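Okay, protein.txt is below, compact mmCIF, C-alpha atoms:
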```
# COMPACT_ATOMS: atom_id res chain seq x y z
CA MET A 26 26.92 -50.09 -95.62
CA ALA A 27 27.72 -46.42 -94.97
CA LYS A 28 25.22 -44.54 -92.89
CA ASP A 29 23.18 -42.00 -94.88
CA ALA A 30 24.45 -38.49 -94.10
CA LYS A 31 20.87 -37.32 -93.69
CA GLU A 32 20.45 -39.72 -90.81
CA ASP A 33 23.70 -38.76 -89.11
CA PRO A 34 22.82 -36.87 -85.89
CA GLU A 35 25.73 -34.48 -86.23
CA ALA A 36 24.79 -33.65 -89.83
CA LEU A 37 21.20 -33.08 -88.77
CA LYS A 38 22.31 -30.76 -85.95
CA ALA A 39 24.50 -28.82 -88.36
CA ARG A 40 21.62 -28.44 -90.82
CA LEU A 41 19.32 -27.29 -88.01
CA ALA A 42 21.85 -24.62 -87.02
CA GLU A 43 22.11 -23.48 -90.67
CA LEU A 44 18.32 -23.20 -90.96
CA ARG A 45 18.11 -21.13 -87.81
CA VAL A 46 20.66 -18.71 -89.25
CA GLU A 47 18.58 -18.51 -92.46
CA ILE A 48 15.40 -17.89 -90.45
CA ASP A 49 17.13 -15.10 -88.50
CA ALA A 50 18.24 -13.55 -91.79
CA ALA A 51 14.68 -13.81 -93.15
CA ASP A 52 13.31 -12.17 -90.00
CA ASP A 53 15.81 -9.34 -90.38
CA GLU A 54 14.68 -8.86 -93.98
CA ILE A 55 11.01 -8.86 -92.93
CA LEU A 56 11.78 -6.16 -90.35
CA LYS A 57 13.52 -4.03 -92.99
CA LEU A 58 10.51 -4.37 -95.28
CA LEU A 59 8.09 -3.53 -92.46
CA ASN A 60 10.00 -0.33 -91.76
CA ARG A 61 10.08 0.45 -95.47
CA ARG A 62 6.30 0.02 -95.58
CA ALA A 63 5.93 2.18 -92.48
CA GLY A 64 7.90 4.94 -94.23
CA PHE A 65 5.47 4.88 -97.15
CA VAL A 66 2.54 4.98 -94.74
CA GLY A 67 4.01 8.07 -93.10
CA GLU A 68 4.08 9.81 -96.49
CA VAL A 69 0.51 8.70 -97.16
CA ALA A 70 -0.54 10.19 -93.83
CA ASP A 71 0.88 13.58 -94.82
CA LEU A 72 -0.91 13.45 -98.19
CA LYS A 73 -4.23 12.47 -96.56
CA THR A 74 -3.93 15.43 -94.20
CA ALA A 75 -3.25 17.79 -97.08
CA LEU A 76 -6.14 16.40 -99.11
CA ALA A 77 -8.51 16.17 -96.10
CA VAL A 78 -9.49 12.57 -96.95
CA PRO A 79 -10.39 9.78 -94.47
CA PHE A 80 -7.36 8.29 -92.74
CA TYR A 81 -8.89 4.80 -92.45
CA VAL A 82 -10.40 3.05 -95.47
CA PRO A 83 -11.59 -0.52 -94.69
CA SER A 84 -12.09 -1.35 -98.37
CA ARG A 85 -8.41 -0.59 -99.09
CA GLU A 86 -7.27 -3.09 -96.46
CA ARG A 87 -9.67 -5.66 -97.86
CA GLN A 88 -8.35 -5.20 -101.39
CA ILE A 89 -4.77 -5.62 -100.21
CA GLY A 90 -5.62 -8.81 -98.32
CA GLU A 91 -7.48 -10.29 -101.26
CA ARG A 92 -4.65 -9.47 -103.66
CA LEU A 93 -2.03 -11.05 -101.41
CA ALA A 94 -4.13 -14.15 -100.79
CA ALA A 95 -4.76 -14.61 -104.51
CA GLY A 96 -1.04 -14.33 -105.33
CA ASN A 97 0.31 -16.43 -102.47
CA PRO A 98 2.56 -19.19 -103.88
CA GLY A 99 2.93 -20.94 -100.51
CA PRO A 100 3.99 -22.67 -98.39
CA PHE A 101 2.83 -19.91 -96.01
CA PRO A 102 -0.86 -20.74 -95.40
CA THR A 103 -3.21 -18.48 -97.36
CA GLY A 104 -5.76 -18.59 -94.53
CA SER A 105 -3.29 -16.85 -92.20
CA ILE A 106 -2.45 -13.96 -94.52
CA ARG A 107 -5.32 -11.76 -93.39
CA ALA A 108 -4.54 -12.12 -89.69
CA VAL A 109 -0.84 -11.35 -90.19
CA PHE A 110 -1.42 -8.35 -92.43
CA GLN A 111 -4.25 -7.01 -90.26
CA GLU A 112 -1.70 -6.51 -87.49
CA ILE A 113 0.68 -4.85 -89.96
CA PHE A 114 -2.14 -2.54 -91.11
CA SER A 115 -3.06 -1.80 -87.51
CA ALA A 116 0.49 -1.00 -86.42
CA CYS A 117 1.19 1.16 -89.50
CA LEU A 118 -2.06 3.04 -89.03
CA THR A 119 -0.78 4.33 -85.69
CA LEU A 120 1.75 6.36 -87.71
CA GLU A 121 -1.22 8.29 -89.12
CA LYS A 122 -3.52 8.20 -86.14
CA ARG A 123 -4.34 5.55 -83.60
CA VAL A 124 -7.84 4.34 -84.45
CA ARG A 125 -10.34 4.73 -81.60
CA VAL A 126 -13.14 2.17 -81.59
CA ALA A 127 -16.15 1.80 -79.27
CA TYR A 128 -17.79 -1.60 -78.92
CA LEU A 129 -20.37 -3.47 -76.87
CA GLY A 130 -18.28 -4.49 -73.87
CA PRO A 131 -16.86 -5.34 -71.52
CA GLU A 132 -13.54 -6.82 -72.64
CA GLY A 133 -13.88 -10.44 -73.69
CA THR A 134 -17.20 -10.17 -75.54
CA PHE A 135 -17.57 -11.36 -79.12
CA SER A 136 -17.82 -7.68 -80.12
CA ASP A 137 -14.36 -7.21 -78.58
CA ILE A 138 -13.09 -10.11 -80.71
CA ALA A 139 -14.70 -8.53 -83.80
CA VAL A 140 -12.83 -5.25 -83.09
CA LYS A 141 -9.52 -7.09 -82.90
CA TYR A 142 -10.35 -8.96 -86.11
CA GLN A 143 -11.20 -5.78 -88.05
CA PHE A 144 -8.80 -3.21 -86.57
CA GLY A 145 -5.97 -5.26 -85.06
CA LEU A 146 -4.42 -5.04 -81.62
CA SER A 147 -3.07 -1.51 -82.07
CA ALA A 148 -6.53 0.08 -82.09
CA ARG A 149 -7.64 1.90 -78.95
CA ALA A 150 -10.77 -0.07 -78.06
CA THR A 151 -13.32 1.42 -75.65
CA PRO A 152 -15.95 -0.92 -74.15
CA MET A 153 -19.47 0.49 -73.73
CA GLY A 154 -22.34 -0.84 -71.65
CA THR A 155 -25.05 -0.77 -74.33
CA ILE A 156 -25.45 -0.68 -78.09
CA ALA A 157 -27.02 2.78 -77.81
CA ALA A 158 -23.93 3.99 -75.95
CA VAL A 159 -21.72 2.81 -78.82
CA PHE A 160 -23.78 4.91 -81.25
CA GLU A 161 -23.58 7.93 -78.93
CA GLU A 162 -19.81 7.64 -78.52
CA VAL A 163 -19.30 7.73 -82.30
CA GLU A 164 -21.85 10.53 -82.79
CA ARG A 165 -20.10 12.72 -80.20
CA GLY A 166 -16.73 12.23 -81.90
CA ASN A 167 -15.15 10.59 -78.86
CA VAL A 168 -14.14 7.65 -81.09
CA ASP A 169 -13.63 7.19 -84.81
CA PHE A 170 -15.73 4.05 -85.24
CA GLY A 171 -18.14 1.80 -83.41
CA VAL A 172 -18.70 -1.95 -83.71
CA VAL A 173 -22.14 -3.42 -82.93
CA PRO A 174 -23.75 -6.81 -83.58
CA VAL A 175 -26.69 -6.74 -85.99
CA GLU A 176 -27.58 -10.33 -86.88
CA ASN A 177 -27.01 -13.93 -85.83
CA THR A 178 -27.70 -16.95 -88.00
CA THR A 179 -29.41 -18.76 -85.11
CA GLU A 180 -31.40 -15.98 -83.44
CA GLY A 181 -31.88 -13.46 -86.25
CA MET A 182 -31.66 -9.67 -85.99
CA ILE A 183 -30.34 -7.76 -82.98
CA ASN A 184 -33.26 -5.36 -82.48
CA PRO A 185 -31.49 -2.72 -80.30
CA THR A 186 -29.07 -2.11 -83.18
CA LEU A 187 -31.90 -1.65 -85.68
CA ASP A 188 -33.74 0.71 -83.31
CA CYS A 189 -30.67 2.92 -82.89
CA PHE A 190 -30.42 3.44 -86.65
CA ILE A 191 -33.88 5.04 -86.75
CA ASP A 192 -32.64 8.22 -85.07
CA SER A 193 -28.95 8.09 -85.96
CA ASP A 194 -27.16 9.78 -88.87
CA LEU A 195 -24.16 7.46 -88.68
CA LYS A 196 -23.07 5.48 -91.72
CA VAL A 197 -22.22 1.81 -91.97
CA SER A 198 -18.66 1.81 -93.31
CA ALA A 199 -17.95 -1.94 -93.15
CA GLU A 200 -19.32 -5.24 -91.90
CA ILE A 201 -17.66 -8.15 -90.15
CA ALA A 202 -18.96 -11.71 -90.47
CA MET A 203 -17.53 -13.99 -87.80
CA GLU A 204 -18.09 -17.62 -86.94
CA ILE A 205 -19.08 -17.69 -83.27
CA ASN A 206 -17.84 -20.69 -81.31
CA MET A 207 -19.57 -20.81 -77.95
CA CYS A 208 -17.82 -22.37 -74.97
CA LEU A 209 -19.01 -23.55 -71.58
CA ILE A 210 -16.53 -22.00 -69.17
CA GLY A 211 -16.15 -22.39 -65.41
CA ARG A 212 -13.72 -22.81 -62.56
CA ALA A 213 -10.77 -25.12 -63.10
CA GLY A 214 -11.65 -28.72 -62.34
CA SER A 215 -15.40 -28.16 -62.45
CA SER A 216 -17.56 -31.02 -63.72
CA LEU A 217 -20.94 -30.72 -65.38
CA ALA A 218 -22.51 -32.49 -62.40
CA GLN A 219 -21.43 -29.62 -60.13
CA ILE A 220 -22.98 -26.86 -62.20
CA GLU A 221 -26.24 -25.46 -60.84
CA ARG A 222 -26.33 -22.11 -62.66
CA VAL A 223 -25.36 -21.04 -66.17
CA TYR A 224 -24.82 -17.34 -66.83
CA SER A 225 -24.91 -15.55 -70.17
CA LEU A 226 -26.54 -13.05 -72.48
CA PRO A 227 -30.03 -14.28 -73.51
CA VAL A 228 -29.13 -14.42 -77.21
CA ALA A 229 -26.06 -16.51 -76.35
CA LEU A 230 -28.07 -18.93 -74.22
CA ALA A 231 -30.53 -19.29 -77.10
CA GLN A 232 -27.70 -20.36 -79.40
CA VAL A 233 -26.83 -23.32 -77.13
CA ARG A 234 -30.27 -24.36 -75.90
CA HIS A 235 -29.96 -27.93 -77.22
CA PHE A 236 -26.59 -28.43 -75.51
CA LEU A 237 -27.95 -27.11 -72.22
CA ALA A 238 -31.09 -29.26 -72.42
CA ALA A 239 -29.04 -32.39 -73.08
CA ASN A 240 -26.17 -31.79 -70.66
CA LEU A 241 -27.42 -29.41 -67.94
CA PRO A 242 -31.20 -29.92 -67.83
CA ARG A 243 -31.49 -28.93 -64.16
CA ALA A 244 -29.25 -25.89 -64.24
CA VAL A 245 -30.88 -22.48 -63.74
CA LEU A 246 -30.21 -20.08 -66.61
CA VAL A 247 -29.24 -16.64 -65.30
CA GLU A 248 -29.32 -13.60 -67.55
CA ALA A 249 -26.19 -11.45 -67.77
CA ARG A 250 -25.54 -8.15 -69.60
CA SER A 251 -22.87 -9.77 -71.78
CA THR A 252 -20.92 -12.98 -72.20
CA ALA A 253 -17.95 -11.26 -70.53
CA ASP A 254 -20.06 -10.28 -67.50
CA ALA A 255 -21.32 -13.87 -67.40
CA ALA A 256 -17.73 -15.09 -67.11
CA ARG A 257 -17.15 -12.76 -64.16
CA MET A 258 -20.28 -14.06 -62.46
CA ALA A 259 -19.19 -17.66 -63.03
CA HIS A 260 -15.79 -16.86 -61.53
CA ASP A 261 -17.48 -15.88 -58.27
CA ASP A 262 -19.85 -18.89 -58.17
CA PRO A 263 -18.43 -22.32 -57.20
CA GLN A 264 -21.50 -24.00 -58.73
CA GLY A 265 -21.71 -21.65 -61.71
CA ALA A 266 -20.59 -21.71 -65.31
CA ALA A 267 -20.95 -19.33 -68.24
CA VAL A 268 -21.54 -19.45 -71.97
CA GLY A 269 -19.00 -17.27 -73.73
CA SER A 270 -15.70 -17.06 -75.56
CA GLU A 271 -12.28 -18.54 -74.87
CA LEU A 272 -11.03 -14.98 -74.48
CA ALA A 273 -13.55 -14.38 -71.67
CA ALA A 274 -12.29 -17.54 -69.97
CA LYS A 275 -8.66 -16.37 -70.14
CA LEU A 276 -9.47 -12.88 -68.90
CA ASN A 277 -11.35 -14.26 -65.87
CA ASP A 278 -9.03 -17.13 -64.94
CA LEU A 279 -11.58 -19.75 -65.96
CA GLU A 280 -11.28 -23.06 -67.76
CA VAL A 281 -12.98 -24.09 -70.98
CA LEU A 282 -15.17 -27.04 -69.94
CA ARG A 283 -16.66 -27.69 -73.40
CA ARG A 284 -15.88 -26.14 -76.79
CA LYS A 285 -18.15 -25.48 -79.77
CA ILE A 286 -21.41 -26.07 -77.93
CA GLU A 287 -23.51 -23.95 -80.35
CA ASP A 288 -26.56 -25.75 -81.78
CA LEU A 289 -25.84 -24.89 -85.43
CA PRO A 290 -22.53 -25.95 -87.01
CA HIS A 291 -22.10 -22.60 -88.79
CA ASN A 292 -23.13 -20.15 -86.11
CA MET A 293 -22.31 -16.73 -87.59
CA THR A 294 -22.76 -13.23 -86.21
CA ARG A 295 -22.67 -10.17 -88.41
CA PHE A 296 -21.25 -6.96 -86.95
CA LEU A 297 -21.46 -3.45 -88.43
CA VAL A 298 -18.73 -0.83 -88.30
CA LEU A 299 -20.25 2.60 -87.64
CA GLY A 300 -18.62 5.81 -88.82
CA HIS A 301 -19.28 9.18 -90.43
CA GLU A 302 -18.00 8.51 -93.95
CA GLN A 303 -19.49 6.59 -96.88
CA ALA A 304 -17.27 3.77 -98.14
CA ALA A 305 -16.08 3.95 -101.73
CA PRO A 306 -17.34 1.35 -104.26
CA THR A 307 -15.33 -1.86 -104.55
CA GLY A 308 -17.49 -3.93 -106.92
CA HIS A 309 -18.25 -6.28 -104.04
CA ASP A 310 -20.66 -4.14 -102.04
CA LYS A 311 -23.90 -4.12 -100.11
CA THR A 312 -26.28 -1.23 -99.37
CA SER A 313 -28.42 -1.03 -96.23
CA LEU A 314 -31.60 1.06 -96.24
CA LEU A 315 -34.25 2.20 -93.80
CA LEU A 316 -37.69 2.65 -95.43
CA VAL A 317 -40.96 4.07 -94.18
CA THR A 318 -43.65 3.22 -96.73
CA ARG A 319 -46.89 5.01 -97.42
CA ASP A 320 -50.08 3.55 -95.96
CA GLU A 321 -51.46 2.16 -99.21
CA ALA A 322 -52.62 -1.24 -100.41
CA GLY A 323 -49.81 -3.18 -102.08
CA ILE A 324 -47.22 -0.53 -101.29
CA LEU A 325 -44.57 -2.96 -100.04
CA TYR A 326 -44.99 -5.04 -103.21
CA ARG A 327 -44.42 -1.91 -105.31
CA VAL A 328 -41.37 -0.86 -103.31
CA LEU A 329 -39.67 -4.23 -103.40
CA GLY A 330 -40.65 -4.74 -107.03
CA THR A 331 -38.55 -1.71 -107.88
CA PHE A 332 -35.42 -3.58 -106.84
CA ALA A 333 -36.42 -6.67 -108.82
CA GLU A 334 -37.05 -4.61 -111.94
CA ARG A 335 -33.49 -3.30 -111.74
CA GLY A 336 -32.07 -6.79 -111.28
CA LEU A 337 -30.95 -6.09 -107.72
CA ASN A 338 -30.73 -8.93 -105.23
CA MET A 339 -32.41 -8.13 -101.90
CA THR A 340 -30.62 -10.13 -99.20
CA LYS A 341 -32.48 -8.94 -96.09
CA ILE A 342 -35.75 -7.31 -95.02
CA GLU A 343 -36.79 -6.76 -91.42
CA SER A 344 -39.54 -4.61 -89.91
CA ARG A 345 -39.56 -2.73 -86.62
CA PRO A 346 -42.06 -0.32 -84.99
CA SER A 347 -41.04 3.26 -85.76
CA ARG A 348 -41.83 4.36 -82.16
CA ARG A 349 -43.12 7.62 -83.60
CA ARG A 350 -46.73 6.86 -84.52
CA PRO A 351 -48.97 3.91 -83.55
CA TRP A 352 -48.79 1.02 -86.02
CA GLU A 353 -46.15 2.68 -88.17
CA TYR A 354 -43.29 0.39 -89.15
CA VAL A 355 -39.88 0.90 -90.67
CA PHE A 356 -38.26 -1.65 -92.95
CA PHE A 357 -34.57 -2.45 -92.88
CA VAL A 358 -33.46 -3.69 -96.28
CA ASP A 359 -30.13 -4.95 -97.63
CA ILE A 360 -29.50 -5.09 -101.37
CA ASP A 361 -26.42 -6.05 -103.35
CA GLY A 362 -24.53 -3.15 -104.92
CA HIS A 363 -23.31 0.33 -103.99
CA GLU A 364 -25.39 3.49 -103.78
CA ARG A 365 -23.25 4.98 -106.55
CA ASP A 366 -23.89 2.05 -108.92
CA ALA A 367 -26.30 3.12 -111.68
CA PRO A 368 -28.91 0.36 -111.07
CA VAL A 369 -28.93 1.03 -107.30
CA ALA A 370 -29.15 4.81 -107.76
CA ALA A 371 -32.05 4.43 -110.21
CA ALA A 372 -33.90 2.03 -107.91
CA LEU A 373 -33.48 4.36 -104.93
CA ALA A 374 -34.88 7.25 -106.95
CA ASP A 375 -37.97 5.17 -107.78
CA VAL A 376 -38.37 3.97 -104.18
CA ARG A 377 -38.29 7.53 -102.88
CA LYS A 378 -41.26 8.38 -105.11
CA VAL A 379 -43.49 5.80 -103.37
CA SER A 380 -42.14 6.02 -99.80
CA GLU A 381 -42.60 8.46 -96.97
CA SER A 382 -38.89 8.37 -96.26
CA VAL A 383 -35.76 6.54 -97.40
CA LYS A 384 -32.51 6.63 -95.47
CA VAL A 385 -29.35 5.01 -96.85
CA LEU A 386 -27.55 3.62 -93.81
CA GLY A 387 -24.47 2.90 -95.86
CA SER A 388 -22.90 1.16 -98.83
CA TYR A 389 -19.91 -0.95 -97.84
CA PRO A 390 -17.87 -4.03 -98.85
CA ARG A 391 -19.60 -7.36 -98.22
CA ALA A 392 -17.79 -9.43 -95.60
CA ASP A 393 -16.47 -12.46 -97.48
CA GLY A 394 -19.85 -12.80 -99.17
CA ARG A 395 -21.33 -14.20 -95.94
CA GLY A 396 -23.19 -11.29 -94.41
CA GLY A 397 -27.00 -11.09 -94.37
```
Show this structure as structure tokens.
Amino acid sequence: MAKDAKEDPEALKARLAELRVEIDAADDEILKLLNRRAGFVGEVADLKTALAVPFYVPSRERQIGERLAAGNPGPFPTGSIRAVFQEIFSACLTLEKRVRVAYLGPEGTFSDIAVKYQFGLSARATPMGTIAAVFEEVERGNVDFGVVPVENTTEGMINPTLDCFIDSDLKVSAEIAMEINMCLIGRAGSSLAQIERVYSLPVALAQVRHFLAANLPRAVLVEARSTADAARMAHDDPQGAAVGSELAAKLNDLEVLRRKIEDLPHNMTRFLVLGHEQAAPTGHDKTSLLLVTRDEAGILYRVLGTFAERGLNMTKIESRPSRRRPWEYVFFVDIDGHERDAPVAAALADVRKVSESVKVLGSYPRADGRGG
């Protein structure tokens, strides 16, 4: 019986060589198309300058990604389209202007990862020591945008971010919803039995408390300014480990001792992108508000009832002391819809009539329908 040609080693080698030539040709075609796209982007940059319109529009990138994902015939995985095109967007954007972004650092934090996810690797990322410093850097015009955490599904709201909004005039131009996979990281070859101290940000330690109680009950928990700083501290401690990201492990020459140690299976953190411009409506938006209500009986019921009467879904409400007068509180509220949508505009007009103050922090595209 003749041997099947498909099983013949020489035929297989020949086919492999042919496929490699085809792949090289496809790569050459992709490069031509990338340069063609870059040429269009250069023209767009000139038009934006002439029209004095924002050079970076997050909603536009989102719409492109969604359109490509919806029309993908395969076999290229749909789930990878956003990551690939985000880098294309990021590289092309440098033809207009290299985006400058401040974030809660240092390098290797989850905020750093969120910047890379939203803006790509071509952005000029500047780490800041505090959330307040991120706000200040954007307000001073030293950067174009800031990225700060605002909410975690395990530990709730990030209060320093909410407090900064009270006195800031910045707008929320986008949000990022990321699944946070916590890792236990330490020196290469370390065992759990050797670990006497675990370093991390308090909110990160809180997200893995069950893991720590079950696996490191005697370890001392040591507070760090960030998960990245925790990794640096663990690097210098033979009996130490840190809770943080894989990126922090790589940057500090550490090993991932355990992956996905978070207590909840869907541990999400929501980040906000701070800027000076209001995002345009997309039909898939969210509006964030800061309210100071009057001191009257039933006032909060009346305020929130205004949204219900207009058929608006309120997805978040959180109160914080105003820090201006004793016992005065501000309410942070998220509702579905854009400030320019008729129902939202009408509701805001009614809310202003019964509130001491109303500040719209921003209307922006919802992040995959998962944010707050």
Inset, instruction - Go through A:Ile201, A:Ala273, A:Leu297, A:Gly67 and flag the residue nearest Phe160 in chain A, using all atoms listed in the file for the distances. - result: A:Leu297
Inset, instruction - Choose the residue, out of A:Val228, A:Ala266, A:Ala372, A:Leu118, that has the smallest atom-to-atom separation from Ala244 in chain A; count only C-alpha atoms. - result: A:Ala266
Inset, instruction - Just the residues within 9 Å of range 55-65 of chain A, please, counting all atoms listed in the file, with nothing from its chain fewer than 3 positions along; format it as a PyMOL selection string. - result: chain A and resi 50-52+68-70+113+116-118+120
Legend entry - Atomic separation - CA of Ile324 in chain A relative to CA of Val379 in chain A, Å: 7.6 Å
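Residues of protein, DNA and RNA with at least one atom no farther than 12 Å from (-30.6, -14.6, -83.1) are, using all atoms listed in the file, A:Pro174, A:Val175, A:Glu176, A:Asn177, A:Thr178, A:Thr179, A:Glu180, A:Gly181, A:Met182, A:Ile183, A:Asn184, A:Ile205, A:Leu226, A:Pro227, A:Val228, A:Ala229, A:Leu230, A:Ala231, A:Gln232, A:Val233, A:Asp288, A:Leu289, A:Asn292, A:Met293, A:Thr294, A:Arg295.
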Inset, instruction - Counting all atoms listed in the file, figure out which residue out of A:Glu200, A:Gly211, A:Leu314, A:Ser115 gets nearest to Glu343 in chain A. - result: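 For Glu343 in chain A, the nearest of the given residues is A:Leu314.
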Residues of range 159-270 of chain A within 10 Å of range 79-88 of chain A: nearest atom pair and distance (Å, one decimal) for each, counting only C-alpha atoms, sorted by chain and number, as a tab-separated table?
```
residue	atom	partner	partner_atom	distance
A:Asp169	CA	A:Tyr81	CA	9.3
A:Phe170	CA	A:Tyr81	CA	10.0
A:Ser198	CA	A:Pro83	CA	7.6
A:Ala199	CA	A:Pro83	CA	6.7
A:Glu200	CA	A:Pro83	CA	9.5
```
Inset, instruction - Pick out the closest residue to Ile210 in chain A from this set: A:Cys189, A:Ala274, A:Ala148, A:Leu237. Count all atoms listed in the file. - result: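 Among A:Cys189, A:Ala274, A:Ala148, A:Leu237, it is A:Ala274 that comes nearest to Ile210 in chain A.
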Inset, instruction - Check the smallest atom-to-atom distance from each of A:Val163, A:Ala392, A:Leu37, A:Leu315 to Ala202 in chain A using all atoms listed in the file, then report the winner. - result: A:Ala392
Inset, instruction - Quick one: everything within 12 Å of Ala157 in chain A, counting only C-alpha atoms, minus sequence neighbours fewer than 5 positions away in the same chain. Send it as a list in words. - result: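 Non-adjacent residues within range: Ala127, Tyr128, Leu129, Glu162, Val163, Glu164, Gly171, Val172, Val173, Pro174, Asn184, Pro185, Thr186, Leu187, Asp188, Cys189, Phe190, Ile191, Asp192, Ser193 and Leu299 of chain A.
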Inset, instruction - For Gly130 in chain A, please output as an MDAnalysis selection string all residues within 8 Å (counting only C-alpha atoms; exclusion window: fewer than 5 positions along the same chain). - result: chainID A and resid 136:137 151:155 251 253
Inset, instruction - Point out the residue among A:Glu32, A:Arg250, A:Phe135, A:Val328 with the least atom-to-atom distance to Arg377 in chain A, counting all atoms listed in the file. - result: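 Ranked by minimum distance to Arg377 in chain A, first place goes to A:Val328.
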Inset, instruction - Measure the distance from CA of Leu276 in chain A to CA of Gln264 in chain A in Å and round it to one decimal. - result: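 Interatomic distance, CA of Leu276 in chain A to CA of Gln264 in chain A: 19.3 Å.
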